[in-house]
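J.: Coordinates in data25.txt, compact mmCIF, C-alpha atoms, are listed below.
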# COMPACT_ATOMS: atom_id res chain seq x y z
CA MET Q 1 -18.28 16.01 29.41
CA PRO Q 2 -16.02 13.35 27.82
CA PHE Q 3 -14.33 13.80 24.47
CA ASN Q 4 -15.98 11.25 22.15
CA ILE Q 5 -13.70 9.49 19.68
CA ALA Q 6 -15.03 7.15 16.98
CA LEU Q 7 -12.70 4.37 15.84
CA PHE Q 8 -12.77 3.13 12.23
CA ALA Q 9 -11.18 -0.24 11.42
CA SER Q 10 -11.25 -2.77 8.57
CA GLY Q 11 -9.35 -5.70 10.08
CA SER Q 12 -8.50 -7.41 13.32
CA GLY Q 13 -8.74 -4.28 15.43
CA SER Q 14 -5.57 -4.80 17.45
CA ASN Q 15 -4.87 -1.06 17.36
CA VAL Q 16 -8.47 -0.37 18.36
CA GLU Q 17 -8.14 -2.59 21.41
CA ASN Q 18 -4.77 -1.11 22.32
CA ILE Q 19 -6.16 2.44 22.11
CA VAL Q 20 -9.28 1.68 24.17
CA ARG Q 21 -7.24 -0.10 26.85
CA TYR Q 22 -4.77 2.80 27.01
CA PHE Q 23 -7.62 5.22 27.75
CA SER Q 24 -9.48 2.90 30.15
CA ASP Q 25 -8.41 4.88 33.22
CA LYS Q 26 -8.86 8.30 31.59
CA PRO Q 27 -12.52 9.28 32.08
CA ASP Q 28 -12.19 12.44 29.97
CA PHE Q 29 -11.98 10.27 26.84
CA HIS Q 30 -14.75 8.02 25.60
CA PHE Q 31 -15.01 5.63 22.63
CA PRO Q 32 -18.75 5.39 21.97
CA VAL Q 33 -18.67 3.60 18.62
CA ILE Q 34 -16.55 1.50 16.27
CA ILE Q 35 -17.22 1.61 12.53
CA SER Q 36 -16.03 -0.88 9.92
CA ASN Q 37 -16.49 -1.54 6.23
CA LYS Q 38 -16.33 -5.33 6.74
CA SER Q 39 -18.98 -7.31 8.58
CA ASP Q 40 -16.59 -10.25 9.13
CA ALA Q 41 -13.70 -8.14 10.48
CA PHE Q 42 -12.41 -9.37 13.83
CA VAL Q 43 -12.69 -5.82 15.17
CA HIS Q 44 -16.39 -6.59 15.79
CA GLN Q 45 -15.42 -9.38 18.20
CA ARG Q 46 -13.04 -7.03 19.98
CA ALA Q 47 -15.82 -4.43 20.15
CA LYS Q 48 -18.05 -6.95 21.97
CA THR Q 49 -15.26 -7.72 24.44
CA LEU Q 50 -14.71 -3.98 24.97
CA HIS Q 51 -18.49 -3.36 25.30
CA ILE Q 52 -18.50 -0.82 22.48
CA PRO Q 53 -21.21 -0.88 19.80
CA SER Q 54 -19.84 -1.59 16.32
CA PHE Q 55 -21.44 -1.06 12.94
CA THR Q 56 -20.66 -2.11 9.39
CA PHE Q 57 -21.30 0.13 6.41
CA THR Q 58 -20.98 -0.74 2.74
CA LYS Q 59 -18.52 0.91 0.38
CA ASP Q 60 -21.46 2.84 -1.10
CA ASP Q 61 -22.44 4.05 2.38
CA PHE Q 62 -18.91 5.34 2.86
CA PHE Q 63 -18.81 6.93 -0.57
CA ASP Q 64 -22.05 8.78 0.19
CA GLY Q 65 -21.19 9.46 3.84
CA HIS Q 66 -24.63 10.58 5.07
CA LYS Q 67 -25.61 7.41 6.98
CA ILE Q 68 -22.25 7.47 8.73
CA LEU Q 69 -22.58 11.16 9.61
CA THR Q 70 -26.02 10.45 11.09
CA LEU Q 71 -24.55 7.71 13.28
CA LEU Q 72 -21.61 9.88 14.33
CA LYS Q 73 -24.03 12.65 15.31
CA GLU Q 74 -26.16 10.15 17.25
CA TYR Q 75 -23.09 9.15 19.27
CA GLN Q 76 -21.99 12.80 19.64
CA VAL Q 77 -18.59 12.08 18.11
CA ASP Q 78 -16.00 14.86 18.40
CA PHE Q 79 -13.08 13.18 16.64
CA ILE Q 80 -12.35 10.19 14.37
CA VAL Q 81 -9.36 7.86 14.53
CA LEU Q 82 -8.63 5.50 11.63
CA ALA Q 83 -6.97 2.43 13.14
CA GLY Q 84 -6.33 0.07 10.26
CA PHE Q 85 -9.13 1.43 8.10
CA LEU Q 86 -8.66 0.83 4.39
CA LEU Q 87 -11.31 2.90 2.62
CA LYS Q 88 -10.82 6.47 1.50
CA ILE Q 89 -12.79 8.91 3.65
CA PRO Q 90 -15.27 10.84 1.48
CA PRO Q 91 -15.41 14.65 1.30
CA THR Q 92 -18.77 14.73 3.14
CA ILE Q 93 -17.18 13.26 6.28
CA ILE Q 94 -13.94 15.23 5.91
CA SER Q 95 -15.86 18.52 5.67
CA ALA Q 96 -17.97 17.60 8.72
CA PHE Q 97 -14.79 16.83 10.71
CA PRO Q 98 -12.15 19.29 9.44
CA ASP Q 99 -8.75 18.44 10.95
CA LYS Q 100 -10.59 16.06 13.28
CA ILE Q 101 -9.71 12.79 11.54
CA ILE Q 102 -6.33 11.13 11.98
CA ASN Q 103 -4.82 7.99 10.49
CA ILE Q 104 -1.81 5.83 11.17
CA HIS Q 105 0.25 4.56 8.23
CA PRO Q 106 2.79 1.70 8.56
CA ALA Q 107 5.65 3.50 6.79
CA LEU Q 108 7.44 6.83 6.75
CA LEU Q 109 5.32 9.03 4.52
CA PRO Q 110 5.53 10.51 1.96
CA LYS Q 111 7.25 7.31 0.81
CA PHE Q 112 5.17 4.13 0.44
CA GLY Q 113 1.77 5.77 0.68
CA GLY Q 114 -1.27 5.88 -1.55
CA LYS Q 115 -3.96 3.52 -2.74
CA GLY Q 116 -3.14 -0.13 -2.17
CA MET Q 117 -0.31 0.65 0.23
CA TYR Q 118 -1.35 -1.05 3.44
CA GLY Q 119 -0.21 -3.93 5.63
CA HIS Q 120 2.24 -6.34 4.06
CA HIS Q 121 2.10 -4.49 0.73
CA VAL Q 122 3.88 -1.59 2.42
CA HIS Q 123 6.45 -3.73 4.24
CA HIS Q 124 7.22 -5.69 1.07
CA ALA Q 125 7.70 -2.46 -0.89
CA VAL Q 126 9.98 -1.00 1.80
CA ILE Q 127 12.20 -4.10 1.76
CA GLU Q 128 12.21 -4.34 -2.06
CA ALA Q 129 13.31 -0.69 -2.27
CA GLY Q 130 16.32 -1.43 -0.04
CA GLU Q 131 15.28 1.05 2.63
CA THR Q 132 17.29 0.99 5.86
CA GLN Q 133 14.49 2.60 7.88
CA SER Q 134 10.75 2.30 8.15
CA GLY Q 135 8.27 3.16 10.87
CA ILE Q 136 4.92 4.82 11.40
CA THR Q 137 3.35 8.07 10.33
CA ILE Q 138 0.37 9.57 12.12
CA HIS Q 139 -1.30 12.20 9.97
CA TYR Q 140 -4.46 14.19 9.46
CA VAL Q 141 -6.81 12.83 6.82
CA ASN Q 142 -7.64 14.85 3.73
CA GLU Q 143 -9.26 13.92 0.42
CA HIS Q 144 -6.13 12.11 -0.85
CA TYR Q 145 -4.72 8.80 0.42
CA ASP Q 146 -1.91 9.38 2.93
CA GLU Q 147 -1.34 13.02 1.97
CA GLY Q 148 -2.69 14.87 5.01
CA ASN Q 149 -0.38 16.92 7.22
CA ILE Q 150 2.02 14.75 9.20
CA ILE Q 151 1.61 14.93 12.97
CA PHE Q 152 4.21 12.42 14.15
CA GLN Q 153 6.67 9.81 12.89
CA ALA Q 154 8.61 7.08 14.69
CA VAL Q 155 11.41 5.10 13.07
CA CYS Q 156 12.63 1.52 13.19
CA GLU Q 157 15.63 -0.05 11.49
CA VAL Q 158 15.18 -2.33 8.47
CA LEU Q 159 17.81 -5.06 8.63
CA PRO Q 160 19.06 -7.05 5.62
CA GLU Q 161 17.47 -10.22 7.02
CA ASP Q 162 14.06 -8.60 7.62
CA THR Q 163 10.99 -10.06 5.94
CA PRO Q 164 7.61 -8.36 5.59
CA ASP Q 165 6.54 -10.31 8.72
CA THR Q 166 9.48 -9.26 10.89
CA LEU Q 167 9.22 -5.66 9.70
CA ALA Q 168 5.47 -5.74 10.42
CA ASN Q 169 6.25 -6.78 14.01
CA LYS Q 170 8.61 -3.83 14.46
CA VAL Q 171 6.07 -1.41 13.00
CA HIS Q 172 3.23 -2.83 15.12
CA ALA Q 173 5.33 -2.27 18.24
CA LEU Q 174 5.70 1.40 17.27
CA GLU Q 175 1.96 1.67 16.58
CA TYR Q 176 1.04 0.24 19.97
CA GLU Q 177 3.53 2.47 21.77
CA TYR Q 178 2.88 5.80 20.09
CA PHE Q 179 -0.62 5.91 18.57
CA PRO Q 180 -2.51 6.21 21.89
CA LEU Q 181 -0.04 8.83 23.15
CA ILE Q 182 -0.46 11.00 20.05
CA ILE Q 183 -4.26 10.61 20.13
CA GLU Q 184 -4.24 11.78 23.75
CA LYS Q 185 -1.97 14.71 22.95
CA ILE Q 186 -4.15 15.88 20.04
CA ALA Q 187 -7.45 15.25 21.81
CA THR Q 188 -6.29 17.10 24.92
CA THR Q 189 -5.68 20.22 22.86
CA ARG Q 190 -9.13 19.90 21.24
CA LYS Q 191 -11.18 19.55 24.44
Write the structure described by the file as C-alpha cells, please.
T.:
Amino acid sequence: MPFNIALFASGSGSNVENIVRYFSDKPDFHFPVIISNKSDAFVHQRAKTLHIPSFTFTKDDFFDGHKILTLLKEYQVDFIVLAGFLLKIPPTIISAFPDKIINIHPALLPKFGGKGMYGHHVHHAVIEAGETQSGITIHYVNEHYDEGNIIFQAVCEVLPEDTPDTLANKVHALEYEYFPLIIEKIATTRK
C-alpha cells in the first residue's frame, strides 16, 4: 500500500511540482491531494497538469480544521508536507498528525522565522542583517510558526552583491535539491 502524502501550498507550487516529479518513479509514495488557502494560486494549475485533485479552503476552515481533516481522511493521508504554505496549522490538524507534518523555511532557523517571514521578506531581512550565510530549514510543524524540531538544514553563501532575488534563486536551488530527498528519508522510516 502506498504512503499517502498531502501537499499544502499557497503560491505557485514550484516545490509541489518538483516533489511530485521526484517521486514519479517511486510507486511506494503517492500524492493523492493538494490543499491551498488561495483559489487563485498557480499551484491549482500545476495540480491539473500533475493530475492531482486540489482543493481550496478558507482561513476559517483552516482555523477550525475539521473540514480539512475530513478531506485528509477521505484521501487516506498518512503525512503532510507544507511546500510554500503560509497559514499557521491549527492544533486540531497537528494533534491528528503528530510529528507527521513537515515544512520548509527559506532561511536558517531559528533566525528569520516567525509570522510574516516568508519569501522575499526573509531574503530581504537576511541581507539587511548582514548575514554571510542563508539556506533552508526543513522542520516538523508544531503550534508555533517555524519553531518545530529541525530535521535538516542546507547552507548557501550570501555575497555582498546579493539582492533578495539572487538570494531567492540560491535558496530555491537548495529547496529543489534537498526537500524531496528529506521527504523520502522521513517517509521511508514511517512506512
J.: Go through range 67-182 of chain Q residue by residue and, counting all atoms listed in the file, keep those with an atom at most 12 Å from range 18-39 of chain Q; for each kept residue give the shortest atom pair and its distance in Å to one decimal, ordered by chain and increasing number, as JSON lines.
T.:
{"residue": "Q:Lys67", "atom": "CA", "partner": "Q:Ile35", "partner_atom": "CA", "distance": 11.6}
{"residue": "Q:Ile68", "atom": "CA", "partner": "Q:Ile35", "partner_atom": "CA", "distance": 8.6}
{"residue": "Q:Leu69", "atom": "CA", "partner": "Q:Ile35", "partner_atom": "CA", "distance": 11.3}
{"residue": "Q:Leu71", "atom": "CA", "partner": "Q:Val33", "partner_atom": "CA", "distance": 8.9}
{"residue": "Q:Leu72", "atom": "CA", "partner": "Q:Val33", "partner_atom": "CA", "distance": 8.2}
{"residue": "Q:Lys73", "atom": "CA", "partner": "Q:Val33", "partner_atom": "CA", "distance": 11.0}
{"residue": "Q:Glu74", "atom": "CA", "partner": "Q:Pro32", "partner_atom": "CA", "distance": 10.0}
{"residue": "Q:Tyr75", "atom": "CA", "partner": "Q:Pro32", "partner_atom": "CA", "distance": 6.3}
{"residue": "Q:Gln76", "atom": "CA", "partner": "Q:Pro32", "partner_atom": "CA", "distance": 8.4}
{"residue": "Q:Val77", "atom": "CA", "partner": "Q:Pro32", "partner_atom": "CA", "distance": 7.7}
{"residue": "Q:Asp78", "atom": "CA", "partner": "Q:His30", "partner_atom": "CA", "distance": 10.0}
{"residue": "Q:Phe79", "atom": "CA", "partner": "Q:Phe31", "partner_atom": "CA", "distance": 9.8}
{"residue": "Q:Ile80", "atom": "CA", "partner": "Q:Phe31", "partner_atom": "CA", "distance": 9.8}
{"residue": "Q:Val81", "atom": "CA", "partner": "Q:Ile34", "partner_atom": "CA", "distance": 9.8}
{"residue": "Q:Leu82", "atom": "CA", "partner": "Q:Ile35", "partner_atom": "CA", "distance": 9.5}
{"residue": "Q:Ala83", "atom": "CA", "partner": "Q:Ile19", "partner_atom": "CA", "distance": 9.0}
{"residue": "Q:Gly84", "atom": "CA", "partner": "Q:Ser36", "partner_atom": "CA", "distance": 9.8}
{"residue": "Q:Phe85", "atom": "CA", "partner": "Q:Ser36", "partner_atom": "CA", "distance": 7.5}
{"residue": "Q:Leu86", "atom": "CA", "partner": "Q:Asn37", "partner_atom": "CA", "distance": 8.4}
{"residue": "Q:Leu87", "atom": "CA", "partner": "Q:Asn37", "partner_atom": "CA", "distance": 7.7}
{"residue": "Q:Lys88", "atom": "CA", "partner": "Q:Asn37", "partner_atom": "CA", "distance": 10.9}
{"residue": "Q:Ile89", "atom": "CA", "partner": "Q:Asn37", "partner_atom": "CA", "distance": 11.4}
{"residue": "Q:His172", "atom": "CA", "partner": "Q:Asn18", "partner_atom": "CA", "distance": 10.9}
{"residue": "Q:Ala173", "atom": "CA", "partner": "Q:Asn18", "partner_atom": "CA", "distance": 11.0}
{"residue": "Q:Leu174", "atom": "CA", "partner": "Q:Asn18", "partner_atom": "CA", "distance": 11.9}
{"residue": "Q:Glu175", "atom": "CA", "partner": "Q:Asn18", "partner_atom": "CA", "distance": 9.3}
{"residue": "Q:Tyr176", "atom": "CA", "partner": "Q:Asn18", "partner_atom": "CA", "distance": 6.4}
{"residue": "Q:Glu177", "atom": "CA", "partner": "Q:Asn18", "partner_atom": "CA", "distance": 9.1}
{"residue": "Q:Tyr178", "atom": "CA", "partner": "Q:Ile19", "partner_atom": "CA", "distance": 9.9}
{"residue": "Q:Phe179", "atom": "CA", "partner": "Q:Ile19", "partner_atom": "CA", "distance": 7.4}
{"residue": "Q:Pro180", "atom": "CA", "partner": "Q:Ile19", "partner_atom": "CA", "distance": 5.3}
{"residue": "Q:Leu181", "atom": "CA", "partner": "Q:Tyr22", "partner_atom": "CA", "distance": 8.6}
{"residue": "Q:Ile182", "atom": "CA", "partner": "Q:Ile19", "partner_atom": "CA", "distance": 10.5}
J.: Excluding Ala168 in chain Q and its own-chain neighbours fewer than 2 positions away, which residues fall within 9 Å of it when counting only C-alpha atoms? Please give them as a PyMOL selection string.
T.: chain Q and resi 106+119-120+123+163-166+170-173
J.: Next, dump the selected residues to file, keeping only C-alpha atoms, as a PDB file, keeping the file's coordinate frame.
T.:
ATOM      1  CA  PRO Q 106       2.790   1.700   8.560  1.00  0.00           C
ATOM      2  CA  GLY Q 119      -0.210  -3.930   5.630  1.00  0.00           C
ATOM      3  CA  HIS Q 120       2.240  -6.340   4.060  1.00  0.00           C
ATOM      4  CA  HIS Q 123       6.450  -3.730   4.240  1.00  0.00           C
ATOM      5  CA  THR Q 163      10.990 -10.060   5.940  1.00  0.00           C
ATOM      6  CA  PRO Q 164       7.610  -8.360   5.590  1.00  0.00           C
ATOM      7  CA  ASP Q 165       6.540 -10.310   8.720  1.00  0.00           C
ATOM      8  CA  THR Q 166       9.480  -9.260  10.890  1.00  0.00           C
ATOM      9  CA  LYS Q 170       8.610  -3.830  14.460  1.00  0.00           C
ATOM     10  CA  VAL Q 171       6.070  -1.410  13.000  1.00  0.00           C
ATOM     11  CA  HIS Q 172       3.230  -2.830  15.120  1.00  0.00           C
ATOM     12  CA  ALA Q 173       5.330  -2.270  18.240  1.00  0.00           C
TER      13      ALA Q 173
END
J.: Go through range 95-180 of chain Q residue by residue and, counting all atoms listed in the file, keep those with an atom at most 12 Å from range 62-65 of chain Q; for each kept residue give the shortest atom pair and its distance in Å to one decimal, ordered by chain and increasing number, as a tab-separated table.
T.:
residue	atom	partner	partner_atom	distance
Q:Ser95	CA	Q:Gly65	CA	10.7
Q:Ala96	CA	Q:Gly65	CA	10.0
Q:Phe97	CA	Q:Gly65	CA	11.9
Q:Glu143	CA	Q:Phe63	CA	11.9
J.: Rounded to one decimal in Å, what is the spacing between CA of Gly148 in chain Q and CA of Ala6 in chain Q?
T.: 18.8 Å
J.: Nearest to Gln45 in chain Q among Q:Glu17, Q:Thr189, Q:Lys111, Q:Ile138, with distances taken over all atoms listed in the file: which residue is it?
T.: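 Checking each of Q:Glu17, Q:Thr189, Q:Lys111, Q:Ile138 against Gln45 in chain Q, counting all atoms listed in the file, the winner is Q:Glu17.
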J.: Record the distance separating CA of Asn15 in chain Q and CA of Pro160 in chain Q, expressed in Å with one decimal.
T.: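 These atoms are spaced 27.3 Å apart.
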J.: Give the padded box for range 118-135 of chain Q as lines of an AutoDock Vina configuration file: axis-aligned, covering all atoms listed in the file, 5 Å on each side, centre and edge lengths in Å to one decimal.
T.:
center_x = 8.0
center_y = -1.6
center_z = 4.3
size_x = 28.6
size_y = 19.5
size_z = 23.1
J.: At a cut-off of 12 Å from (-5.7, 9.8, 1.2) in the coordinates of the file, what residues are picked up using only C-alpha atoms, written as a short mmCIF file (atom, residue, chain, number, x, y, z; two decimals) with C-alpha atoms, in the coordinates of the input?
T.:
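The resulting file, out11.cif, is reproduced below:
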data_model
loop_
_atom_site.label_atom_id
_atom_site.label_comp_id
_atom_site.auth_asym_id
_atom_site.auth_seq_id
_atom_site.Cartn_x
_atom_site.Cartn_y
_atom_site.Cartn_z
CA LEU Q 82 -8.63 5.50 11.63
CA PHE Q 85 -9.13 1.43 8.10
CA LEU Q 86 -8.66 0.83 4.39
CA LEU Q 87 -11.31 2.90 2.62
CA LYS Q 88 -10.82 6.47 1.50
CA ILE Q 89 -12.79 8.91 3.65
CA PRO Q 90 -15.27 10.84 1.48
CA PRO Q 91 -15.41 14.65 1.30
CA ILE Q 94 -13.94 15.23 5.91
CA ILE Q 101 -9.71 12.79 11.54
CA ILE Q 102 -6.33 11.13 11.98
CA ASN Q 103 -4.82 7.99 10.49
CA ILE Q 104 -1.81 5.83 11.17
CA HIS Q 105 0.25 4.56 8.23
CA LEU Q 109 5.32 9.03 4.52
CA PRO Q 110 5.53 10.51 1.96
CA GLY Q 113 1.77 5.77 0.68
CA GLY Q 114 -1.27 5.88 -1.55
CA LYS Q 115 -3.96 3.52 -2.74
CA GLY Q 116 -3.14 -0.13 -2.17
CA MET Q 117 -0.31 0.65 0.23
CA TYR Q 118 -1.35 -1.05 3.44
CA HIS Q 139 -1.30 12.20 9.97
CA TYR Q 140 -4.46 14.19 9.46
CA VAL Q 141 -6.81 12.83 6.82
CA ASN Q 142 -7.64 14.85 3.73
CA GLU Q 143 -9.26 13.92 0.42
CA HIS Q 144 -6.13 12.11 -0.85
CA TYR Q 145 -4.72 8.80 0.42
CA ASP Q 146 -1.91 9.38 2.93
CA GLU Q 147 -1.34 13.02 1.97
CA GLY Q 148 -2.69 14.87 5.01
CA ASN Q 149 -0.38 16.92 7.22
#
J.: What's the separation between CA of Ala154 in chain Q and CA of Thr137 in chain Q, in Å to one decimal place?
T.: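 Distance reported for this atom pair: 6.9 Å.
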J.: Generate the coordinates of N, CA and C atoms for range 43-65 of chain Q; report them as a PDB file, keeping the file's coordinate frame.
T.:
ATOM      1  N   VAL Q  43     -12.487  -6.979  14.298  1.00  0.00           N
ATOM      2  CA  VAL Q  43     -12.690  -5.820  15.170  1.00  0.00           C
ATOM      3  C   VAL Q  43     -14.067  -5.869  15.839  1.00  0.00           C
ATOM      4  N   HIS Q  44     -15.055  -6.493  15.187  1.00  0.00           N
ATOM      5  CA  HIS Q  44     -16.390  -6.590  15.790  1.00  0.00           C
ATOM      6  C   HIS Q  44     -16.372  -7.469  17.042  1.00  0.00           C
ATOM      7  N   GLN Q  45     -15.558  -8.540  17.011  1.00  0.00           N
ATOM      8  CA  GLN Q  45     -15.420  -9.380  18.200  1.00  0.00           C
ATOM      9  C   GLN Q  45     -14.745  -8.607  19.326  1.00  0.00           C
ATOM     10  N   ARG Q  46     -13.711  -7.854  18.965  1.00  0.00           N
ATOM     11  CA  ARG Q  46     -13.040  -7.030  19.980  1.00  0.00           C
ATOM     12  C   ARG Q  46     -14.005  -5.999  20.553  1.00  0.00           C
ATOM     13  N   ALA Q  47     -14.836  -5.422  19.697  1.00  0.00           N
ATOM     14  CA  ALA Q  47     -15.820  -4.430  20.150  1.00  0.00           C
ATOM     15  C   ALA Q  47     -16.748  -5.029  21.203  1.00  0.00           C
ATOM     16  N   LYS Q  48     -17.189  -6.277  20.978  1.00  0.00           N
ATOM     17  CA  LYS Q  48     -18.050  -6.950  21.970  1.00  0.00           C
ATOM     18  C   LYS Q  48     -17.322  -7.106  23.290  1.00  0.00           C
ATOM     19  N   THR Q  49     -16.075  -7.541  23.231  1.00  0.00           N
ATOM     20  CA  THR Q  49     -15.260  -7.720  24.440  1.00  0.00           C
ATOM     21  C   THR Q  49     -15.083  -6.389  25.173  1.00  0.00           C
ATOM     22  N   LEU Q  50     -14.935  -5.314  24.396  1.00  0.00           N
ATOM     23  CA  LEU Q  50     -14.710  -3.980  24.970  1.00  0.00           C
ATOM     24  C   LEU Q  50     -16.019  -3.280  25.344  1.00  0.00           C
ATOM     25  N   HIS Q  51     -17.150  -3.914  25.030  1.00  0.00           N
ATOM     26  CA  HIS Q  51     -18.490  -3.360  25.300  1.00  0.00           C
ATOM     27  C   HIS Q  51     -18.712  -2.023  24.590  1.00  0.00           C
ATOM     28  N   ILE Q  52     -18.308  -2.000  23.310  1.00  0.00           N
ATOM     29  CA  ILE Q  52     -18.500  -0.820  22.480  1.00  0.00           C
ATOM     30  C   ILE Q  52     -19.342  -1.236  21.268  1.00  0.00           C
ATOM     31  N   PRO Q  53     -20.432  -0.534  20.974  1.00  0.00           N
ATOM     32  CA  PRO Q  53     -21.210  -0.880  19.800  1.00  0.00           C
ATOM     33  C   PRO Q  53     -20.384  -0.730  18.522  1.00  0.00           C
ATOM     34  N   SER Q  54     -20.553  -1.685  17.602  1.00  0.00           N
ATOM     35  CA  SER Q  54     -19.840  -1.590  16.320  1.00  0.00           C
ATOM     36  C   SER Q  54     -20.844  -1.743  15.180  1.00  0.00           C
ATOM     37  N   PHE Q  55     -20.550  -1.073  14.094  1.00  0.00           N
ATOM     38  CA  PHE Q  55     -21.440  -1.060  12.940  1.00  0.00           C
ATOM     39  C   PHE Q  55     -20.636  -1.274  11.670  1.00  0.00           C
ATOM     40  N   THR Q  56     -21.271  -1.918  10.700  1.00  0.00           N
ATOM     41  CA  THR Q  56     -20.660  -2.110   9.390  1.00  0.00           C
ATOM     42  C   THR Q  56     -21.436  -1.300   8.364  1.00  0.00           C
ATOM     43  N   PHE Q  57     -20.701  -0.610   7.511  1.00  0.00           N
ATOM     44  CA  PHE Q  57     -21.300   0.130   6.410  1.00  0.00           C
ATOM     45  C   PHE Q  57     -20.682  -0.344   5.110  1.00  0.00           C
ATOM     46  N   THR Q  58     -21.466  -0.305   4.047  1.00  0.00           N
ATOM     47  CA  THR Q  58     -20.980  -0.740   2.740  1.00  0.00           C
ATOM     48  C   THR Q  58     -20.065   0.340   2.147  1.00  0.00           C
ATOM     49  N   LYS Q  59     -19.375  -0.042   1.097  1.00  0.00           N
ATOM     50  CA  LYS Q  59     -18.520   0.910   0.380  1.00  0.00           C
ATOM     51  C   LYS Q  59     -19.360   2.085  -0.135  1.00  0.00           C
ATOM     52  N   ASP Q  60     -20.570   1.772  -0.617  1.00  0.00           N
ATOM     53  CA  ASP Q  60     -21.460   2.840  -1.100  1.00  0.00           C
ATOM     54  C   ASP Q  60     -21.858   3.782   0.028  1.00  0.00           C
ATOM     55  N   ASP Q  61     -22.116   3.209   1.221  1.00  0.00           N
ATOM     56  CA  ASP Q  61     -22.440   4.050   2.380  1.00  0.00           C
ATOM     57  C   ASP Q  61     -21.295   5.009   2.680  1.00  0.00           C
ATOM     58  N   PHE Q  62     -20.069   4.498   2.602  1.00  0.00           N
ATOM     59  CA  PHE Q  62     -18.910   5.340   2.860  1.00  0.00           C
ATOM     60  C   PHE Q  62     -18.752   6.396   1.776  1.00  0.00           C
ATOM     61  N   PHE Q  63     -18.959   5.996   0.541  1.00  0.00           N
ATOM     62  CA  PHE Q  63     -18.810   6.930  -0.570  1.00  0.00           C
ATOM     63  C   PHE Q  63     -19.798   8.085  -0.421  1.00  0.00           C
ATOM     64  N   ASP Q  64     -21.019   7.767  -0.005  1.00  0.00           N
ATOM     65  CA  ASP Q  64     -22.050   8.780   0.190  1.00  0.00           C
ATOM     66  C   ASP Q  64     -21.794   9.567   1.490  1.00  0.00           C
ATOM     67  N   GLY Q  65     -21.555   8.840   2.570  1.00  0.00           N
ATOM     68  CA  GLY Q  65     -21.190   9.460   3.840  1.00  0.00           C
ATOM     69  C   GLY Q  65     -22.329   9.850   4.759  1.00  0.00           C
TER      70      GLY Q  65
END
